[in-house]
Amino acid sequence: MADTDLQIADLLIELGSEELPPKALSTLASEFSNGIVGGLDKAGFVHGESTIFASPRRLAVIVSAVASSQQARENERRGPAVQAAFDAGGNPTKAALGFAASCGVDVSALARVATDKGEWLVYREVQQGATLDDVLSGIVDSALAGLPIPKRMRWGAGTAEFVRPVHWLVMLHGDKVVPGSVLGLQSGNRTRGHRFMSSGDLRIENPGVYVDLLRDQGSVLVSMEERKEKIRAGVVAVAGEVGGQAIIDSALLDEVSALVEWPVPLVGGFDARFLAVPSEALVSSMQGHQKCFPVVDAGGALMPHFIAVANIESRDPGTVRAGNERVIRPRLTDAEFFWTQDNKKGLEALGAGLANMTFQDKLGSLADKAERVGALAAGISESIGGDVGHAKRAAKLAKADLLSAMVYEFPELQGVMGRYYARSAGEPESVSAAIEEQYLPRFAGDDLPKGETGFALALADRLDTLVGIFSIGQKPTGNKDPYGLRRAALGILRMLIESRHDLDLHALIALAERGLRDKISGDSVVDDVFDYVMDRLKVYYADKGIDIDVIDAVMGVRPTRPFDFDHRVRAVQVFRSTDAGRTLAAANKRIGNILKKADIDVAGVQIDFSLMDDPAESSLWNALEAVSGAVAADFAEGAYEAGLSRLAPLKEPVDAFFDSVMVMAEDESRKRNRLAILRDLAGLFLGAADFSRLQG
């Protein structure tokens, strides 16, 4: 194909199948598109932007402005030097003749190229690129093979494998079908519409009509985003018809949009008696089992309505609505039954079974864990002025709802149902709330426990898990973290910093280890756990504008209270941005190097003013003496920003000292005296952070 035959047109690839897994549809579509685009790039085809399409029965991508072939390339082969290619009479030698023959041309067709090493014979030829016809099937095959499908299936008598049986294949470049075979299907330009609202194949003239053709003639909204927005708007509208507001969970919206090709939201109702069941249980049943959207009133209370999304525009929507109501009723009845039966047993009776549930083989049962957490939570509660008795009671009941029928059916309701069952049993509100709050924060940005009992319980539970798992040698390695210790560590830091409880983390870890002594043996893991948790601060501060070297500088003085650590890093971050801060940070780095290289122990050296024979030396000492008491007092009170600001006036005398004073003097007494001055200067900064670790 000559360059003049090169065509630029949009490329459509669509693979039609049986209904694809809804929770995986978005990922499959995205990775399919990435595979196609990556394959075109690797093969050297010029193209524009790509657009992803997907529905329950298809994966598709349109890549704009795709060239019909690779660009032609000029290849050059270098032959013998001209000097060796021709004899004295200008006739070609065997070297020239042999080179020309190997290229399939006459010597006269060879060109010459001049280099700094002389002139050479060369053969140049234009190599035409491969066409889409040559490579597209292979690109699609590779894209499908690279999809994240844990288990593939076969169908019929063929050997092709995919997540679902496939039925049609479209490969269309402009108005031309790109011939090829994928998964046993021959490519064409015909697609299929809605399974029930469309009949027969639909012919695609070109990729530009694809979306409108399927919408107008096939009753398929092939864009996932368009379907999601239609579902969202429709759900909001029909909720308004009954005077309510829909709860639109983003994950459920994604899943429902992957279940339907032509969404038609409709509102249904259920018996108001079910509203006596905790709303969270009803919502979980509606969302998890029936893929329906719950409806609440203006005050947020659940209404006896739900919104289902049909995949068909029925002539008799009342029948569709009645069918959904008929299906949802048994599910809500189950939730009602679980609620009633669990309340009859009571939370304390349910908790008796924790002794038979293993937390971890070497660390005992959940009952053992509850006892340890209770003792630790009591200590934490006492230190923050909370109710020790409530902390112990909450710990005893904390995991009991794991044995309830409701949580067995809806695991995501652990803690939530415990709160309801505790309230039904007349437990104090702080105890009831703590049972739910023990799981907070569950993820980055999640709420923290609001009550003191909930704080103590959540912190104690995480500390016990961390110390226990470390003690049996199963701390996280690489990407493996089966006990969620990274998340637990971040949760501990968030609670201690953002709840403003100035507790000593190292001491708490030691207390947790003492509670585990009857289960573990061997060396203490207190320091290991402490370092592991504190190292998560780099993740915690990643999006808070704190520089990594500032975190490292504060870690250099090893504070053990995360709330205090937070004060330090924020103060150092502000101070290091000032002229004085930058100068004094550089001075601290220099001082650290001097003291390290001096190899002289000046720990007990008393500074002698009479040995100061340079004005810059005495000026620095006087300035240091003038601020040291107030700075130390500020640091002792945690007022690090105020203390560091008092150090700013040291900039000038420090500069003058290093400009005129020879620290490593020949006189041993003066050298030791000057080193002691620098020791005290660096020591004053160490009250906040190790400034020598700050970068320039």
# chains A, B, ... in the order shown; residues from 1 in each chain; ligands from 1
>>> residues_around(residues="stretch 455-463 of chain A", least_positions_apart="4", cutoff="8 Å", atoms="only C-alpha atoms", output="list in words")
Val373, Gly374, Leu376, Ala377, Ala378, Ile380, Ser381, Ala391, Ala394, Ala395, Ala434, Glu437, Gln438, Tyr439, Leu440, Leu448, Pro449, Lys450, Gly451, Val467, Ala488, Ala489, Ile492, Met495, Leu508, Ile509 and Ala512 of chain A
>>> write_last_selection(atoms="N, CA and C atoms", output="tab-separated table (two decimals), in the first residue's frame")
chain	number	residue	atom	x	y	z
A	373	VAL	N	-8.80	-6.46	75.56
A	373	VAL	CA	-9.19	-5.13	75.09
A	373	VAL	C	-9.90	-4.37	76.21
A	374	GLY	N	-10.69	-5.06	77.01
A	374	GLY	CA	-11.38	-4.41	78.12
A	374	GLY	C	-10.41	-3.79	79.10
A	376	LEU	N	-7.26	-2.92	78.53
A	376	LEU	CA	-6.54	-1.84	77.87
A	376	LEU	C	-7.44	-0.62	77.69
A	377	ALA	N	-8.69	-0.84	77.29
A	377	ALA	CA	-9.62	0.27	77.11
A	377	ALA	C	-9.89	0.99	78.43
A	378	ALA	N	-9.92	0.22	79.50
A	378	ALA	CA	-10.13	0.84	80.82
A	378	ALA	C	-8.99	1.79	81.15
A	380	ILE	N	-7.01	3.32	79.00
A	380	ILE	CA	-7.09	4.48	78.11
A	380	ILE	C	-8.19	5.42	78.56
A	381	SER	N	-9.34	4.84	78.91
A	381	SER	CA	-10.47	5.65	79.35
A	381	SER	C	-10.12	6.47	80.59
A	391	ALA	N	-16.15	1.53	79.58
A	391	ALA	CA	-15.15	1.01	78.64
A	391	ALA	C	-15.05	-0.51	78.75
A	394	ALA	N	-18.30	-2.09	77.30
A	394	ALA	CA	-18.33	-2.01	75.84
A	394	ALA	C	-17.41	-3.05	75.22
A	395	ALA	N	-16.25	-3.25	75.83
A	395	ALA	CA	-15.30	-4.25	75.31
A	395	ALA	C	-15.87	-5.66	75.42
A	434	ALA	N	-20.34	3.00	71.49
A	434	ALA	CA	-18.95	2.52	71.36
A	434	ALA	C	-18.88	1.22	70.56
A	437	GLU	N	-18.73	2.41	67.18
A	437	GLU	CA	-17.57	3.28	66.93
A	437	GLU	C	-16.24	2.53	66.99
A	438	GLN	N	-16.24	1.32	67.51
A	438	GLN	CA	-14.99	0.56	67.59
A	438	GLN	C	-14.36	0.35	66.22
A	439	TYR	N	-15.18	0.37	65.15
A	439	TYR	CA	-14.67	0.11	63.80
A	439	TYR	C	-14.23	1.39	63.09
A	440	LEU	N	-14.40	2.54	63.73
A	440	LEU	CA	-14.01	3.80	63.12
A	440	LEU	C	-12.56	4.15	63.47
A	448	LEU	N	-14.18	9.65	62.93
A	448	LEU	CA	-13.53	9.09	64.11
A	448	LEU	C	-14.58	8.85	65.20
A	449	PRO	N	-14.28	8.00	66.18
A	449	PRO	CA	-15.20	7.83	67.30
A	449	PRO	C	-15.46	9.18	67.99
A	450	LYS	N	-16.71	9.44	68.28
A	450	LYS	CA	-17.04	10.72	68.91
A	450	LYS	C	-17.02	10.65	70.43
A	451	GLY	N	-17.39	9.50	70.98
A	451	GLY	CA	-17.44	9.37	72.42
A	451	GLY	C	-16.13	8.89	73.03
A	467	VAL	N	-0.05	-5.52	68.35
A	467	VAL	CA	0.96	-6.13	69.21
A	467	VAL	C	0.88	-7.65	69.13
A	488	ALA	N	-4.90	-0.27	60.50
A	488	ALA	CA	-5.03	-0.12	61.95
A	488	ALA	C	-4.06	0.94	62.47
A	489	ALA	N	-2.83	0.92	61.97
A	489	ALA	CA	-1.82	1.89	62.41
A	489	ALA	C	-2.23	3.31	62.05
A	492	ILE	N	-4.95	4.45	64.38
A	492	ILE	CA	-4.41	4.84	65.69
A	492	ILE	C	-3.86	6.26	65.62
A	495	MET	N	-6.66	8.84	65.34
A	495	MET	CA	-7.38	9.03	66.59
A	495	MET	C	-6.58	9.85	67.59
A	508	LEU	N	1.37	2.96	75.64
A	508	LEU	CA	0.16	2.19	75.34
A	508	LEU	C	0.51	0.84	74.72
A	509	ILE	N	1.49	0.83	73.84
A	509	ILE	CA	1.91	-0.42	73.21
A	509	ILE	C	2.49	-1.37	74.27
A	512	ALA	N	-0.36	-2.86	76.12
A	512	ALA	CA	-1.00	-3.91	75.32
A	512	ALA	C	-0.18	-5.19	75.35
>>> residues_around(residues="stretch 107-117 of chain A", least_positions_apart="6", cutoff="7 Å", atoms="only C-alpha atoms", output="NGL selection string")
:A and (96-97 or 100 or 123)
>>> select_by_dssp(residues="stretch 14-213 of chain A", states="strand (DSSP E or B)", output="ChimeraX atom specification")
/A:14-17,50-55,58-67,69,73-81,86,92,111-115,118-127,131,153,162,166-173,176-177,181-182,185-186,188,190-192,201-203
>>> write_last_selection(atoms="C-alpha atoms", output="mmCIF file, in the first residue's frame")
data_model
loop_
_atom_site.group_PDB
_atom_site.id
_atom_site.type_symbol
_atom_site.label_atom_id
_atom_site.label_comp_id
_atom_site.auth_asym_id
_atom_site.auth_seq_id
_atom_site.Cartn_x
_atom_site.Cartn_y
_atom_site.Cartn_z
ATOM 1 C CA GLU A 14 -17.209 -4.237 19.693
ATOM 2 C CA LEU A 15 -17.387 -7.706 21.230
ATOM 3 C CA GLY A 16 -20.919 -8.946 21.944
ATOM 4 C CA SER A 17 -21.515 -11.566 24.617
ATOM 5 C CA SER A 50 -10.215 6.604 22.628
ATOM 6 C CA THR A 51 -13.756 6.391 24.046
ATOM 7 C CA ILE A 52 -14.934 3.457 26.139
ATOM 8 C CA PHE A 53 -18.374 1.878 25.809
ATOM 9 C CA ALA A 54 -19.892 -1.049 27.667
ATOM 10 C CA SER A 55 -23.233 -2.587 28.500
ATOM 11 C CA ARG A 58 -20.894 -5.800 25.047
ATOM 12 C CA LEU A 59 -17.425 -4.328 25.421
ATOM 13 C CA ALA A 60 -16.577 -1.648 22.881
ATOM 14 C CA VAL A 61 -14.096 1.101 22.145
ATOM 15 C CA ILE A 62 -13.898 3.794 19.470
ATOM 16 C CA VAL A 63 -10.413 5.096 18.701
ATOM 17 C CA SER A 64 -10.467 8.288 16.662
ATOM 18 C CA ALA A 65 -8.306 9.090 13.623
ATOM 19 C CA VAL A 66 -6.611 5.726 13.244
ATOM 20 C CA ALA A 67 -4.294 5.288 10.263
ATOM 21 C CA SER A 69 -1.459 1.286 7.957
ATOM 22 C CA ARG A 73 9.864 3.606 6.702
ATOM 23 C CA GLU A 74 13.044 4.173 4.740
ATOM 24 C CA ASN A 75 15.659 1.537 5.465
ATOM 25 C CA GLU A 76 19.311 2.105 4.668
ATOM 26 C CA ARG A 77 21.958 -0.609 4.250
ATOM 27 C CA ARG A 78 25.576 0.421 4.130
ATOM 28 C CA GLY A 79 27.854 -1.438 1.760
ATOM 29 C CA PRO A 80 31.584 -1.289 1.071
ATOM 30 C CA ALA A 81 33.648 1.895 1.022
ATOM 31 C CA PHE A 86 35.506 0.555 -7.733
ATOM 32 C CA PRO A 92 32.655 -2.000 -9.883
ATOM 33 C CA ALA A 111 23.669 5.717 -3.535
ATOM 34 C CA ARG A 112 26.681 7.175 -1.788
ATOM 35 C CA VAL A 113 26.993 8.677 1.686
ATOM 36 C CA ALA A 114 29.870 10.745 3.005
ATOM 37 C CA THR A 115 31.064 10.296 6.580
ATOM 38 C CA GLY A 118 35.140 8.418 4.033
ATOM 39 C CA GLU A 119 32.491 7.714 1.379
ATOM 40 C CA TRP A 120 30.390 4.529 1.337
ATOM 41 C CA LEU A 121 27.934 2.810 -0.948
ATOM 42 C CA VAL A 122 24.417 2.549 0.499
ATOM 43 C CA TYR A 123 21.140 1.040 -0.570
ATOM 44 C CA ARG A 124 17.934 2.842 0.406
ATOM 45 C CA GLU A 125 14.476 1.353 0.120
ATOM 46 C CA VAL A 126 11.038 2.409 1.332
ATOM 47 C CA GLN A 127 9.371 -0.316 3.371
ATOM 48 C CA THR A 131 -2.104 -2.599 7.541
ATOM 49 C CA MET A 153 -15.139 -20.499 30.446
ATOM 50 C CA PHE A 162 -13.769 -15.866 27.777
ATOM 51 C CA VAL A 166 -19.476 -14.416 22.774
ATOM 52 C CA HIS A 167 -21.847 -13.965 19.834
ATOM 53 C CA TRP A 168 -20.733 -11.166 17.532
ATOM 54 C CA LEU A 169 -17.668 -9.112 16.638
ATOM 55 C CA VAL A 170 -17.463 -5.681 15.028
ATOM 56 C CA MET A 171 -14.182 -4.326 13.649
ATOM 57 C CA LEU A 172 -14.956 -1.261 11.579
ATOM 58 C CA HIS A 173 -12.467 1.309 10.247
ATOM 59 C CA LYS A 176 -14.786 -0.548 5.926
ATOM 60 C CA VAL A 177 -14.944 -3.831 7.818
ATOM 61 C CA SER A 181 -11.272 -13.624 13.520
ATOM 62 C CA VAL A 182 -11.378 -13.329 17.321
ATOM 63 C CA LEU A 185 -16.006 -15.039 15.473
ATOM 64 C CA GLN A 186 -15.576 -13.405 12.065
ATOM 65 C CA GLY A 188 -18.414 -7.633 10.599
ATOM 66 C CA ARG A 190 -23.461 -5.668 12.522
ATOM 67 C CA THR A 191 -24.353 -5.282 16.169
ATOM 68 C CA ARG A 192 -27.347 -6.298 18.254
ATOM 69 C CA ASP A 201 -29.048 -7.181 13.594
ATOM 70 C CA LEU A 202 -28.282 -3.496 13.234
ATOM 71 C CA ARG A 203 -25.911 -2.442 10.463
#
>>> residues_around(residues="A:Asp552", least_positions_apart="4", cutoff="12 Å", atoms="only C-alpha atoms", output="VMD selection string")
chain A and resid 534 to 535 537 to 538 541 546 to 548 556 to 559 565 568 to 569 572 to 573 689 to 695
>>> closest_residue(among="A:Asp334, A:Asp271, A:Asp527, A:Asp634", to="A:Ser285", atoms="only C-alpha atoms")
A:Asp334
>>> residues_around(residues="A:Glu436", least_positions_apart="3", cutoff="8 Å", atoms="only C-alpha atoms", output="number ranges by chain")
A: 414-419, 432-433, 439-440, 454
>>> select_by_dssp(residues="stretch 304-527 of chain A", states="alpha helix (DSSP H)", output="PyMOL selection string")
chain A and resi 317-345+347-351+366-383+388-397+405-409+416-424+429-437+452-471+485-498+505-515+526-527
>>> atom_distance(atom1="atom CA of A:Leu253", atom2="atom CA of A:Ser404")
29.1 Å
